[in-house]
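Just below is one structure, and these are the notes that go with it.
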Amino acid sequence: MSSDTYSEQDKLDCINKSPAAVAIHDKPAWLRLFASGALVNDPVGSRPHVGKDEISRFYDTFIAPNQISFNVQHDTVCGMTVVRDLIIETTMSTGLCVDVPTHIRYELAEENGELKVEHLYAHWELMPMVLQTLKQGITGLVTYGKLSVHMIRCQGFGGVLGFMRGFGGVGKRGKLRAEEWLTAVCQGDSINTRAFIAAGAELHLPDADNCGLDKVVEQMRGMRWRKLTAAGNTVTATLMLGDRTGLVFMVLNRKRHIIEARFYL
């Protein structure tokens, strides 16, 4: 299926059904958004939820007890992928509110003649969210305690351990390395850009898959960025290039060399 089968608005309408269903706690409508073998990785770095049964448990764990709103800064559509820059505002059962800067990547597919979400990757930092909760004193402790009990009830101990994998990843050092690489690209420094990437790294521009580094430097020179997040082994950033806005997703290896970078503008 060609991405031209559906318009940009069709794709935006598809993903916008998610916050609409979440806002009114319409679980059946939310589940219908996903393809039969869909994957939800939220946050990236934690163990993904795969298939409708696991995604249903994800809803029961993280959506059902809370009031959640999506403060969207911008969306970018590239082919069958939509990337979203937003802040997720969550009010928990105790009344405690947290705001989480987030980047989401939705990969769409057609199933039975309908546009569905095949993969959802939510990039946000788990530790700052936990610290934001605990800084609220007694309310934060009570909230975190209730959330932990609820997670065990819905996910089991294995699910909780899978979620806790989200505390790992490339962290601040990875963000620094990614920002150094973006700086070199921005300055058109083709020599230093090579120092930050691994041999055989995959680099993707909106109009070119697995292109060379020289083309990335040529097209992205002069870009600006803000809002870096590190989730799992991926660092994301909001990009500005001229009058265009988008996101970049950079995957790092254990040596914090970039092994994949995807630009969406």
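Letters A, B, ... go to the chains of the structure tokens in the order shown; residues in each chain start at 1; ligands are counted from 1 in the same order.
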
Distance table requested - stretch 166-211 of chain A against stretch 260-265 of chain A, cut-off 6 Å, only C-alpha atoms: one row per qualifying residue with the closest atom pair and its distance in Å to one decimal, ordered by chain and rising residue number, as CSV.
residue,atom,partner,partner_atom,distance
A:Ala201,CA,A:Glu260,CA,5.4
A:Glu202,CA,A:Glu260,CA,4.6
A:Leu203,CA,A:Ala261,CA,4.9
A:His204,CA,A:Arg262,CA,4.7
A:Leu205,CA,A:Phe263,CA,5.1
A:Pro206,CA,A:Tyr264,CA,5.6

Residues of stretch 39-228 of chain A classed as strand (DSSP E) by DSSP on the backbone are to be reported as a tab-separated table (two decimals) with N, CA, C and O atoms, in the first residue's frame.
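states31.tsv, freshly written:
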chain	number	residue	atom	x	y	z
A	39	LEU	N	2.06	-2.74	18.37
A	39	LEU	CA	3.03	-2.63	19.46
A	39	LEU	C	2.93	-1.24	20.06
A	39	LEU	O	2.88	-0.25	19.33
A	40	VAL	N	2.90	-1.18	21.39
A	40	VAL	CA	2.95	0.09	22.12
A	40	VAL	C	4.18	0.05	23.02
A	40	VAL	O	4.28	-0.81	23.89
A	41	ASN	N	5.11	0.96	22.79
A	41	ASN	CA	6.31	1.06	23.62
A	41	ASN	C	6.30	2.42	24.31
A	41	ASN	O	6.67	3.43	23.71
A	49	HIS	N	4.41	-3.46	24.89
A	49	HIS	CA	3.16	-4.21	24.94
A	49	HIS	C	2.77	-4.55	23.51
A	49	HIS	O	2.62	-3.66	22.67
A	50	VAL	N	2.62	-5.83	23.23
A	50	VAL	CA	2.39	-6.30	21.86
A	50	VAL	C	1.09	-7.08	21.79
A	50	VAL	O	0.86	-7.99	22.60
A	67	GLN	N	-6.59	11.11	34.55
A	67	GLN	CA	-7.09	12.07	33.57
A	67	GLN	C	-5.89	12.57	32.77
A	67	GLN	O	-4.95	13.12	33.35
A	68	ILE	N	-5.94	12.36	31.47
A	68	ILE	CA	-4.77	12.64	30.63
A	68	ILE	C	-5.18	13.57	29.50
A	68	ILE	O	-6.19	13.35	28.83
A	69	SER	N	-4.38	14.62	29.29
A	69	SER	CA	-4.59	15.50	28.15
A	69	SER	C	-3.29	15.68	27.39
A	69	SER	O	-2.20	15.59	27.96
A	70	PHE	N	-3.42	15.92	26.08
A	70	PHE	CA	-2.28	16.05	25.19
A	70	PHE	C	-2.16	17.50	24.75
A	70	PHE	O	-3.02	18.00	24.03
A	71	ASN	N	-1.10	18.17	25.17
A	71	ASN	CA	-0.84	19.53	24.74
A	71	ASN	C	0.14	19.46	23.56
A	71	ASN	O	1.35	19.38	23.74
A	72	VAL	N	-0.43	19.47	22.34
A	72	VAL	CA	0.37	19.22	21.14
A	72	VAL	C	1.02	20.51	20.65
A	72	VAL	O	0.33	21.51	20.42
A	73	GLN	N	2.35	20.47	20.47
A	73	GLN	CA	3.07	21.60	19.89
A	73	GLN	C	3.04	21.56	18.36
A	73	GLN	O	2.75	22.55	17.71
A	74	HIS	N	3.33	20.39	17.78
A	74	HIS	CA	3.25	20.27	16.33
A	74	HIS	C	3.30	18.80	15.93
A	74	HIS	O	3.77	17.94	16.68
A	75	ASP	N	2.79	18.53	14.73
A	75	ASP	CA	2.84	17.20	14.12
A	75	ASP	C	3.60	17.28	12.80
A	75	ASP	O	3.55	18.31	12.11
A	76	THR	N	4.25	16.20	12.45
A	76	THR	CA	4.94	16.10	11.17
A	76	THR	C	4.58	14.76	10.55
A	76	THR	O	4.70	13.72	11.19
A	77	VAL	N	4.13	14.81	9.29
A	77	VAL	CA	3.74	13.59	8.57
A	77	VAL	C	4.79	13.30	7.51
A	77	VAL	O	5.10	14.16	6.68
A	78	CYS	N	5.35	12.09	7.56
A	78	CYS	CA	6.30	11.64	6.55
A	78	CYS	C	5.91	10.23	6.14
A	78	CYS	O	6.08	9.28	6.92
A	81	THR	N	4.27	7.56	8.53
A	81	THR	CA	4.69	7.85	9.90
A	81	THR	C	4.26	9.27	10.27
A	81	THR	O	4.41	10.20	9.48
A	82	VAL	N	3.73	9.42	11.48
A	82	VAL	CA	3.43	10.74	12.04
A	82	VAL	C	4.22	10.88	13.33
A	82	VAL	O	4.18	9.99	14.19
A	83	VAL	N	4.97	11.98	13.46
A	83	VAL	CA	5.69	12.24	14.70
A	83	VAL	C	5.08	13.47	15.36
A	83	VAL	O	4.70	14.43	14.68
A	84	ARG	N	4.98	13.41	16.66
A	84	ARG	CA	4.26	14.43	17.43
A	84	ARG	C	5.12	14.95	18.56
A	84	ARG	O	5.70	14.17	19.33
A	85	ASP	N	5.20	16.27	18.66
A	85	ASP	CA	5.90	16.95	19.76
A	85	ASP	C	4.82	17.49	20.69
A	85	ASP	O	3.95	18.27	20.27
A	86	LEU	N	4.86	17.08	21.95
A	86	LEU	CA	3.78	17.44	22.86
A	86	LEU	C	4.23	17.39	24.31
A	86	LEU	O	5.32	16.92	24.64
A	87	ILE	N	3.36	17.87	25.18
A	87	ILE	CA	3.48	17.68	26.62
A	87	ILE	C	2.25	16.90	27.08
A	87	ILE	O	1.12	17.29	26.77
A	88	ILE	N	2.47	15.79	27.76
A	88	ILE	CA	1.37	15.00	28.28
A	88	ILE	C	1.10	15.44	29.72
A	88	ILE	O	2.00	15.42	30.56
A	89	GLU	N	-0.13	15.89	29.95
A	89	GLU	CA	-0.52	16.38	31.28
A	89	GLU	C	-1.40	15.32	31.94
A	89	GLU	O	-2.47	14.98	31.43
A	90	THR	N	-0.92	14.78	33.05
A	90	THR	CA	-1.62	13.68	33.72
A	90	THR	C	-2.02	14.10	35.13
A	90	THR	O	-1.18	14.56	35.91
A	91	THR	N	-3.30	13.93	35.43
A	91	THR	CA	-3.80	14.11	36.79
A	91	THR	C	-4.12	12.73	37.34
A	91	THR	O	-4.99	12.03	36.81
A	97	CYS	N	-0.73	16.30	39.79
A	97	CYS	CA	-0.58	16.56	38.36
A	97	CYS	C	0.91	16.53	37.97
A	97	CYS	O	1.75	17.08	38.70
A	98	VAL	N	1.20	15.92	36.85
A	98	VAL	CA	2.56	15.94	36.30
A	98	VAL	C	2.48	16.28	34.82
A	98	VAL	O	1.56	15.88	34.12
A	99	ASP	N	3.47	17.06	34.37
A	99	ASP	CA	3.60	17.41	32.96
A	99	ASP	C	4.86	16.74	32.43
A	99	ASP	O	5.95	16.91	33.00
A	100	VAL	N	4.72	15.99	31.34
A	100	VAL	CA	5.84	15.20	30.82
A	100	VAL	C	6.13	15.59	29.38
A	100	VAL	O	5.32	15.31	28.48
A	101	PRO	N	7.27	16.26	29.10
A	101	PRO	CA	7.66	16.54	27.71
A	101	PRO	C	7.86	15.23	26.96
A	101	PRO	O	8.56	14.32	27.43
A	102	THR	N	7.26	15.11	25.79
A	102	THR	CA	7.19	13.83	25.08
A	102	THR	C	7.34	14.03	23.58
A	102	THR	O	6.93	15.05	23.02
A	103	HIS	N	7.94	13.05	22.94
A	103	HIS	CA	7.90	12.90	21.49
A	103	HIS	C	7.29	11.53	21.19
A	103	HIS	O	7.70	10.54	21.79
A	104	ILE	N	6.32	11.48	20.28
A	104	ILE	CA	5.69	10.21	19.93
A	104	ILE	C	5.87	9.95	18.44
A	104	ILE	O	5.73	10.87	17.62
A	105	ARG	N	6.18	8.71	18.11
A	105	ARG	CA	6.23	8.28	16.71
A	105	ARG	C	5.14	7.25	16.47
A	105	ARG	O	5.12	6.21	17.12
A	106	TYR	N	4.21	7.57	15.59
A	106	TYR	CA	3.14	6.65	15.20
A	106	TYR	C	3.47	6.08	13.82
A	106	TYR	O	3.63	6.85	12.86
A	107	GLU	N	3.55	4.77	13.70
A	107	GLU	CA	3.72	4.12	12.41
A	107	GLU	C	2.38	3.50	12.03
A	107	GLU	O	1.84	2.67	12.78
A	108	LEU	N	1.84	3.92	10.90
A	108	LEU	CA	0.49	3.56	10.50
A	108	LEU	C	0.50	2.47	9.42
A	108	LEU	O	1.46	2.31	8.69
A	109	ALA	N	-0.60	1.74	9.35
A	109	ALA	CA	-0.77	0.70	8.33
A	109	ALA	C	-2.25	0.54	8.05
A	109	ALA	O	-3.10	0.90	8.88
A	110	GLU	N	-2.55	0.00	6.88
A	110	GLU	CA	-3.94	-0.28	6.54
A	110	GLU	C	-4.29	-1.70	6.95
A	110	GLU	O	-3.53	-2.63	6.71
A	111	GLU	N	-5.45	-1.86	7.60
A	111	GLU	CA	-5.93	-3.18	7.97
A	111	GLU	C	-7.44	-3.22	7.73
A	111	GLU	O	-8.18	-2.40	8.27
A	114	GLU	N	-9.01	0.02	6.68
A	114	GLU	CA	-8.98	1.15	7.61
A	114	GLU	C	-7.54	1.48	8.00
A	114	GLU	O	-6.68	0.60	8.04
A	115	LEU	N	-7.31	2.74	8.27
A	115	LEU	CA	-6.01	3.18	8.73
A	115	LEU	C	-5.88	2.89	10.22
A	115	LEU	O	-6.74	3.29	11.01
A	116	LYS	N	-4.81	2.19	10.61
A	116	LYS	CA	-4.61	1.79	12.00
A	116	LYS	C	-3.20	2.16	12.46
A	116	LYS	O	-2.29	2.36	11.65
A	117	VAL	N	-3.04	2.23	13.78
A	117	VAL	CA	-1.71	2.40	14.36
A	117	VAL	C	-1.07	1.03	14.51
A	117	VAL	O	-1.60	0.17	15.22
A	118	GLU	N	0.05	0.84	13.82
A	118	GLU	CA	0.76	-0.43	13.90
A	118	GLU	C	1.81	-0.43	15.00
A	118	GLU	O	1.99	-1.42	15.72
A	119	HIS	N	2.51	0.70	15.14
A	119	HIS	CA	3.52	0.84	16.19
A	119	HIS	C	3.40	2.24	16.80
A	119	HIS	O	3.24	3.22	16.07
A	120	LEU	N	3.47	2.30	18.12
A	120	LEU	CA	3.46	3.58	18.83
A	120	LEU	C	4.68	3.60	19.76
A	120	LEU	O	4.82	2.73	20.62
A	121	TYR	N	5.55	4.58	19.55
A	121	TYR	CA	6.74	4.74	20.38
A	121	TYR	C	6.66	6.10	21.09
A	121	TYR	O	6.66	7.14	20.43
A	122	ALA	N	6.56	6.08	22.41
A	122	ALA	CA	6.48	7.32	23.20
A	122	ALA	C	7.83	7.55	23.89
A	122	ALA	O	8.26	6.74	24.71
A	123	HIS	N	8.46	8.64	23.53
A	123	HIS	CA	9.79	8.98	24.07
A	123	HIS	C	9.63	10.04	25.15
A	123	HIS	O	9.33	11.20	24.87
A	197	ILE	N	29.48	8.93	14.92
A	197	ILE	CA	28.63	7.87	14.40
A	197	ILE	C	29.42	6.59	14.22
A	197	ILE	O	30.64	6.61	13.99
A	198	ALA	N	28.73	5.46	14.34
A	198	ALA	CA	29.35	4.15	14.19
A	198	ALA	C	29.47	3.80	12.71
A	198	ALA	O	28.75	4.33	11.86
A	199	ALA	N	30.41	2.90	12.42
A	199	ALA	CA	30.54	2.42	11.06
A	199	ALA	C	29.25	1.74	10.63
A	199	ALA	O	28.65	0.98	11.38
A	200	GLY	N	28.82	2.04	9.42
A	200	GLY	CA	27.59	1.44	8.92
A	200	GLY	C	26.31	2.05	9.47
A	200	GLY	O	25.24	1.47	9.31
A	201	ALA	N	26.40	3.20	10.12
A	201	ALA	CA	25.21	3.85	10.68
A	201	ALA	C	24.18	4.14	9.58
A	201	ALA	O	24.55	4.50	8.46
A	202	GLU	N	22.90	3.99	9.92
A	202	GLU	CA	21.82	4.28	8.98
A	202	GLU	C	21.32	5.70	9.23
A	202	GLU	O	20.90	6.03	10.34
A	203	LEU	N	21.36	6.52	8.19
A	203	LEU	CA	20.93	7.91	8.28
A	203	LEU	C	19.79	8.12	7.30
A	203	LEU	O	19.90	7.79	6.11
A	204	HIS	N	18.70	8.69	7.79
A	204	HIS	CA	17.48	8.81	6.99
A	204	HIS	C	16.99	10.25	7.01
A	204	HIS	O	16.77	10.83	8.08
A	205	LEU	N	16.79	10.80	5.82
A	205	LEU	CA	16.17	12.11	5.65
A	205	LEU	C	14.75	11.92	5.14
A	205	LEU	O	14.41	10.84	4.65
A	208	ALA	N	15.05	10.74	1.62
A	208	ALA	CA	16.12	9.80	1.27
A	208	ALA	C	16.36	8.82	2.41
A	208	ALA	O	16.74	9.23	3.51
A	209	ASP	N	16.14	7.53	2.13
A	209	ASP	CA	16.38	6.49	3.13
A	209	ASP	C	17.82	6.02	3.04
A	209	ASP	O	18.37	5.80	1.95
A	210	ASN	N	18.43	5.84	4.22
A	210	ASN	CA	19.79	5.32	4.33
A	210	ASN	C	20.74	6.06	3.39
A	210	ASN	O	21.44	5.46	2.58
A	211	CYS	N	20.74	7.38	3.54
A	211	CYS	CA	21.59	8.22	2.69
A	211	CYS	C	22.95	8.40	3.35
A	211	CYS	O	23.20	7.97	4.48
A	224	ARG	N	18.36	24.27	14.01
A	224	ARG	CA	18.36	24.52	15.45
A	224	ARG	C	17.54	23.41	16.12
A	224	ARG	O	16.77	22.72	15.46
A	225	TRP	N	17.72	23.25	17.40
A	225	TRP	CA	16.99	22.20	18.10
A	225	TRP	C	16.74	22.61	19.55
A	225	TRP	O	17.35	23.51	20.09
A	226	ARG	N	15.79	21.91	20.15
A	226	ARG	CA	15.44	22.11	21.56
A	226	ARG	C	14.83	20.82	22.06
A	226	ARG	O	14.64	19.87	21.31
A	227	LYS	N	14.53	20.76	23.33
A	227	LYS	CA	13.78	19.66	23.94
A	227	LYS	C	14.36	18.29	23.62
A	227	LYS	O	13.74	17.47	22.96
A	228	LEU	N	15.56	18.02	24.10
A	228	LEU	CA	16.14	16.69	23.95
A	228	LEU	C	15.57	15.76	25.01
A	228	LEU	O	15.43	16.14	26.17

Query raised in the report: Contacts of A:Val235 at 7 Å or less, counting only C-alpha atoms, minus same-chain residues fewer than 6 places along, as a ChimeraX atom specification?
Result: /A:175,178,228-229,249-251

Query raised in the report: If you count only C-alpha atoms, which residues fall within 10 Å of stretch 159-163 of chain A, apart from same-chain ones fewer than 3 positions away, as a list in words?
Result: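 Non-adjacent residues within range: Asn41, Asp42, Pro43, Val44, Gly45, Ser46, Arg47, Pro48, His49, Arg57, Phe58, Leu126, Ser148, Val149, Met151, Ile152, Arg153, Cys154, Gln155, Gly156, Gly166 and Phe167 of chain A.
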
Query - For A:Glu180: contacts at 9 Å, only C-alpha atoms, fewer than 4 positions along chain excluded, given as a list of chain:residue names - result: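 Neighbouring residues, sequence-local ones excluded: A:Lys175, A:Leu176, A:Ala184, A:Val185, A:Thr193, A:Phe196.
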
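With distances taken over only C-alpha atoms, A:Leu96 is the one residue among A:Gly171, A:Lys52, A:Leu96, A:Tyr6 lying closest to A:Tyr144.
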
Query raised in the report: Can you tell me, as a PyMOL selection string, what residues are no more than 10 Å from A:Ala20 when counting only C-alpha atoms, ignoring any on the same chain fewer than 3 positions away?
Result: chain A and resi 15-17+23-26+29-30+69-70

Requested in this report: Report the distance between atom CA of A:Val217 and atom CA of A:Leu252 in Å, rounded to one decimal place.
Outcome: 18.7 Å

Query raised in the report: Please, which residues of stretch 21-255 of chain A, numbered as in this document, come out alpha helix (DSSP H) from DSSP, as a ChimeraX atom specification?
Result: /A:21-23,27-32,51-58,126-134,138-164,171-186,190-195,213-220

Query raised in the report: Looking at only C-alpha atoms, which of A:Thr94, A:Arg173, A:Gln187, A:Val22 is the one that sits closest to A:Leu141?
Result: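 Checking each candidate against A:Leu141, we get A:Thr94 as the closest.
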
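Minimum atom-to-atom distance to A:His150, evaluated using only C-alpha atoms, belongs to A:Pro65 out of A:Gly232, A:Gly137, A:Gly188, A:Pro65.
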